[in-house]
Amino acid sequence: MNQESFRRRASVVLGLIFSLFFLWLGFRGLELSELFDTLGDIEFAWVLIAIPVYFVAIYILTWRWYFLARPVKDVHPNRLWPIVVIGYMANNLLPFRLGEVLRAYVVRRHHGIPIAPTLTTILIERVFDGLAMLAFIFAALFFVDFEEPRLRNVILVTTPLFFGALLVFFWLAAKPERARRIYTPMVNTVLPVRLRAPLLDIANQLMGGLAALRSWRALLLVILFTLWSWTVEASTYWIVMQAFDFGVSFYVLLLVVGFGNLATILPSTAGYIGTFHAVAILTLVAFEVDRTVAASYAIVMHATLWGPITLAGFLYFLQQGLRWRDIDTAQEVVHEAEDSNTTTRQDITESEAIV
């Protein structure tokens with residue numbers, strides 16, 4: 001077994017362990033009969049209303065990706081939309097956040113955008129998503145008291161992580177020539193001659209993905225569309241809540257959104273099973289929602305965010321002329337593009353957010 005195969009298998013096992021632990025943490029002590037009774041009593045019409053609202057949120061995120069990728073190549077958001085949905089489908093069904101790998105592959109295959117800058121734009125997306133989640137959490141904490149220590153620790157860990165990543169991106173975007181003067185001699189000193197030119201080409205392409213951060217207009221649009229999209233998605237949490245016999249303020253739901261998505265940084269199975277559920281349950285229980293009701297809400301909310309987008313992504317997958325073997329091809333192509341830049345790949349994997 002080679003090192004890459006061992007790492008992947010270890011990641012699957014670790015993700016499964018984390019998912020099982022969080023499922024136990026969220027659902028321990030609950031009576032399944034009561035859980036099923038609660039699920040049977042909900043008004044599913046509200047769920048049907050929430051589904052198209054969620055798709056609107058994803059479409060807004062497609063525009064954000066357009067603003068980030070436009071300096072590399074101008075592809076209209078309507079043409080990027082199926083690729084984004086395919087990425088969500090793959091993330092929901094496959095381990096290792098392969099949806100982002102597949103997205104980079106498909107956008108190159110259909111629109112000729114190179115792999116490296118695409119991966120940079122995706123990593124920037126994940127950083128802005130993390131910052132949006134922190135913004136939701138901090139905004140909510142101005143209006144509600146929240147004393148769940150296990151989740152408050154999430155703030156302490158993720159705040160420096162995402163703000164630090166953003167500062168690095170801004171520095172690289174503002175000082176590209178200085179960055180090149182730093183990494184070029186390092187590459188030329190450390191690596192064999194035959195690897196220097198390919199690695200420098202990859203590094204320069206990765207830097208190209210930061211171009212949007214040099215424009216205040218583009219940056220403002222990225223920020224606005226990030227907040228707009230996540231606010232629309234947060235509204236789906238409120239709509240789904242109407243299907244249940246409980247009510248909390250919108251600020252509490254912002255905490256559910258924020259913590260639920262930050263929890264996807266942790267290893268888990270495909271579709272973030274367990275991590276999302278446990279965090280949603282812990283947050284709602286902290287505001288005196290019955291645990292059985294909170295667990296039912298977490299199940300339905302996750303299904304709302306998981307099922308329809310996965311089905312749509314599968315249909316787009318076929319419509320785009322893709323086959324399952326293309327997923328393996330995507331991994332091979334991206335791996336070749338990243339062979340000399342392992343750090344970037346790991347950062348993308350660790351920074352991916354749900355839903």
# chains A, B, ... in the order shown; residues from 1 in each chain; ligands from 1
>>> residues_around(residues="segment 299-305 of chain A", least_positions_apart="6", cutoff="7 Å", atoms="only C-alpha atoms", output="PDB file with C-alpha atoms, in the first residue's frame")
ATOM      1  CA  VAL A  47     -39.791  21.876   3.949  1.00  0.00           C
ATOM      2  CA  ILE A  51     -35.892  23.796  -0.791  1.00  0.00           C
ATOM      3  CA  TYR A 237     -33.462  27.191   8.769  1.00  0.00           C
ATOM      4  CA  VAL A 240     -37.995  24.539   8.273  1.00  0.00           C
ATOM      5  CA  HIS A 277     -26.490  17.021  13.671  1.00  0.00           C
ATOM      6  CA  VAL A 355     -24.002  22.746   3.274  1.00  0.00           C
TER       7      VAL A 355
END
>>> residues_around(residues="Ile42 of chain A", least_positions_apart="6", cutoff="8 Å", atoms="only C-alpha atoms", output="ChimeraX atom specification")
/A:243-245
>>> residues_around(residues="Thr236 of chain A", least_positions_apart="6", cutoff="7 Å", atoms="only C-alpha atoms", output="PDB file with N, CA and C atoms, in the first residue's frame")
ATOM      1  N   ALA A  50     -38.789  25.552   1.755  1.00  0.00           N
ATOM      2  CA  ALA A  50     -37.389  25.852   2.050  1.00  0.00           C
ATOM      3  C   ALA A  50     -36.449  25.417   0.931  1.00  0.00           C
ATOM      4  N   VAL A  53     -35.653  27.996  -1.788  1.00  0.00           N
ATOM      5  CA  VAL A  53     -34.914  29.100  -1.163  1.00  0.00           C
ATOM      6  C   VAL A  53     -33.440  28.732  -1.039  1.00  0.00           C
ATOM      7  N   TYR A  54     -33.176  27.475  -0.666  1.00  0.00           N
ATOM      8  CA  TYR A  54     -31.788  27.015  -0.560  1.00  0.00           C
ATOM      9  C   TYR A  54     -31.089  27.068  -1.915  1.00  0.00           C
TER      10      TYR A  54
END
>>> closest_atom_pairs(of="segment 52-114 of chain A", to="segment 315-326 of chain A", cutoff="12 Å", atoms="only C-alpha atoms", output="CSV")
residue,atom,partner,partner_atom,distance
A:Arg79,CA,A:Gln320,CA,10.9
A:Leu80,CA,A:Tyr316,CA,11.4
A:Trp81,CA,A:Tyr316,CA,9.6
A:Pro82,CA,A:Tyr316,CA,5.9
A:Ile83,CA,A:Tyr316,CA,7.8
A:Val84,CA,A:Tyr316,CA,9.8
A:Val85,CA,A:Tyr316,CA,7.5
A:Ile86,CA,A:Phe317,CA,6.0
A:Gly87,CA,A:Phe317,CA,9.4
A:Tyr88,CA,A:Phe317,CA,11.0
A:Met89,CA,A:Phe317,CA,8.8
A:Ala90,CA,A:Phe317,CA,9.6
A:Leu94,CA,A:Trp324,CA,11.4
A:Leu98,CA,A:Asp326,CA,11.6
A:Gly99,CA,A:Phe317,CA,11.5
A:Val101,CA,A:Asp326,CA,10.9
A:Leu102,CA,A:Asp326,CA,8.3
A:Arg103,CA,A:Phe317,CA,10.8
A:Tyr105,CA,A:Asp326,CA,8.9
A:Val106,CA,A:Leu322,CA,8.8
A:Val107,CA,A:Gln320,CA,10.9
A:Arg109,CA,A:Gln320,CA,10.4
A:His110,CA,A:Gln320,CA,8.9
>>> select_by_dssp(residues="segment 109-284 of chain A", states="helix (DSSP H, G or I)", output="PyMOL selection string")
chain A and resi 109-111+115-141+149-174+176-190+193-208+211-214+216-241+250-265+270-272+275-284
>>> closest_atom_pairs(of="segment 278-339 of chain A", to="segment 15-23 of chain A", cutoff="12 Å", atoms="only C-alpha atoms", output="Markdown table")
| residue | atom | partner | partner_atom | distance |
| --- | --- | --- | --- | --- |
| A:Ala278 | CA | A:Phe22 | CA | 5.5 |
| A:Val279 | CA | A:Phe22 | CA | 8.3 |
| A:Ala280 | CA | A:Phe22 | CA | 10.9 |
| A:Ile281 | CA | A:Leu23 | CA | 10.3 |
| A:Leu282 | CA | A:Phe22 | CA | 10.6 |
| A:Ala295 | CA | A:Leu23 | CA | 10.2 |
| A:Ala298 | CA | A:Leu23 | CA | 11.1 |
| A:Ile299 | CA | A:Leu23 | CA | 11.0 |
>>> write_last_selection(atoms="C-alpha atoms", output="PDB file, in the first residue's frame")
ATOM      1  CA  ALA A 278     -24.701  17.138  17.015  1.00  0.00           C
ATOM      2  CA  VAL A 279     -23.891  20.836  16.772  1.00  0.00           C
ATOM      3  CA  ALA A 280     -27.454  21.755  15.772  1.00  0.00           C
ATOM      4  CA  ILE A 281     -28.854  19.701  18.665  1.00  0.00           C
ATOM      5  CA  LEU A 282     -26.425  21.128  21.237  1.00  0.00           C
ATOM      6  CA  ALA A 295     -32.776  16.027  17.002  1.00  0.00           C
ATOM      7  CA  ALA A 298     -31.432  18.498  12.808  1.00  0.00           C
ATOM      8  CA  ILE A 299     -32.404  15.428  10.762  1.00  0.00           C
TER       9      ILE A 299
END
>>> residues_around(residues="Leu221 of chain A", least_positions_apart="5", cutoff="9 Å", atoms="only C-alpha atoms", output="list of chain:residue names")
A:Arg64, A:Phe67, A:Trp216, A:Thr226
>>> write_last_selection(atoms="N, CA and C atoms", output="short mmCIF file (atom, residue, chain, number, x, y, z; two decimals), in the first residue's frame")
data_model
loop_
_atom_site.label_atom_id
_atom_site.label_comp_id
_atom_site.auth_asym_id
_atom_site.auth_seq_id
_atom_site.Cartn_x
_atom_site.Cartn_y
_atom_site.Cartn_z
N ARG A 64 -20.74 34.67 -6.64
CA ARG A 64 -19.51 34.99 -5.90
C ARG A 64 -18.31 34.33 -6.55
N PHE A 67 -17.18 36.23 -9.56
CA PHE A 67 -16.36 37.41 -9.29
C PHE A 67 -14.92 37.03 -8.96
N TRP A 216 -10.85 46.43 -5.27
CA TRP A 216 -11.78 46.74 -4.18
C TRP A 216 -13.22 46.46 -4.60
N THR A 226 -21.34 36.87 -0.41
CA THR A 226 -21.17 35.85 0.63
C THR A 226 -22.20 36.02 1.73
#
>>> closest_residue(among="A:Ala140, A:Ile309, A:Leu262, A:Ala330", to="Leu93 of chain A", atoms="only C-alpha atoms")
A:Ile309
>>> residues_around(residues="Thr231 of chain A", least_positions_apart="3", cutoff="10 Å", atoms="only C-alpha atoms", output="compact mmCIF listing (two decimals) with N, CA and C atoms, in the first residue's frame")
# COMPACT_ATOMS: atom_id res chain seq x y z
N ALA A 57 -29.89 30.46 -2.60
CA ALA A 57 -28.65 30.74 -1.87
C ALA A 57 -27.44 30.20 -2.63
N ALA A 132 -17.88 34.39 7.30
CA ALA A 132 -19.32 34.68 7.37
C ALA A 132 -19.96 33.96 8.54
N PHE A 136 -21.88 35.66 11.70
CA PHE A 136 -23.21 35.28 12.20
C PHE A 136 -23.17 35.02 13.70
N PHE A 225 -21.94 39.26 -1.63
CA PHE A 225 -22.63 38.06 -2.10
C PHE A 225 -22.45 36.90 -1.12
N THR A 226 -21.34 36.87 -0.41
CA THR A 226 -21.17 35.85 0.63
C THR A 226 -22.20 36.02 1.73
N LEU A 227 -22.31 37.25 2.25
CA LEU A 227 -23.28 37.52 3.32
C LEU A 227 -24.72 37.35 2.83
N TRP A 228 -24.98 37.79 1.61
CA TRP A 228 -26.33 37.66 1.05
C TRP A 228 -26.72 36.19 0.92
N ALA A 234 -29.71 30.93 5.76
CA ALA A 234 -30.18 30.95 7.15
C ALA A 234 -31.70 31.03 7.20
N SER A 235 -32.29 31.71 6.22
CA SER A 235 -33.75 31.80 6.20
C SER A 235 -34.40 30.43 5.98
N THR A 236 -33.68 29.50 5.32
CA THR A 236 -34.23 28.15 5.16
C THR A 236 -34.32 27.45 6.52
N LEU A 254 -29.08 31.67 13.66
CA LEU A 254 -27.77 32.08 13.14
C LEU A 254 -26.66 31.31 13.83
N VAL A 257 -26.62 27.88 12.24
CA VAL A 257 -25.97 27.97 10.94
C VAL A 257 -24.46 28.09 11.11
>>> residues_around(residues="Gly164 of chain A", least_positions_apart="6", cutoff="12 Å", atoms="only C-alpha atoms", output="MDAnalysis selection string")
chainID A and resid 127:128 130:131 157:158 170:171
>>> atom_distance(atom1="atom CA of Glu147 of chain A", atom2="atom CA of Ala294 of chain A")
17.3 Å
>>> atom_distance(atom1="atom CA of Val190 of chain A", atom2="atom CA of Pro176 of chain A")
21.0 Å
>>> residues_around(residues="Phe36 of chain A", least_positions_apart="4", cutoff="10 Å", atoms="only C-alpha atoms", output="list in words")
Glu31, Leu32, Gly40, Asp41, Thr292 and Ser296 of chain A
>>> write_last_selection(atoms="C-alpha atoms", output="PDB file, in the first residue's frame")
ATOM      1  CA  GLU A  31     -36.027   7.198  22.415  1.00  0.00           C
ATOM      2  CA  LEU A  32     -36.294   6.272  18.743  1.00  0.00           C
ATOM      3  CA  GLY A  40     -44.265  12.105  11.741  1.00  0.00           C
ATOM      4  CA  ASP A  41     -45.996  15.192  13.140  1.00  0.00           C
ATOM      5  CA  THR A 292     -36.022  14.961  20.795  1.00  0.00           C
ATOM      6  CA  SER A 296     -35.772  15.797  14.666  1.00  0.00           C
TER       7      SER A 296
END
>>> closest_residue(among="A:Gly313, A:Arg9, A:Leu255, A:Ile327", to="Glu148 of chain A", atoms="only C-alpha atoms")
A:Leu255
>>> closest_residue(among="A:Leu35, A:Val75, A:Leu141, A:Leu172", to="Gly112 of chain A", atoms="only C-alpha atoms")
A:Val75
>>> closest_residue(among="A:Phe163, A:Thr120, A:Trp230, A:Phe276", to="Leu25 of chain A", atoms="only C-alpha atoms")
A:Phe276
>>> closest_residue(among="A:Ala173, A:Val289, A:Met241, A:Ala270", to="Phe44 of chain A", atoms="only C-alpha atoms")
A:Met241
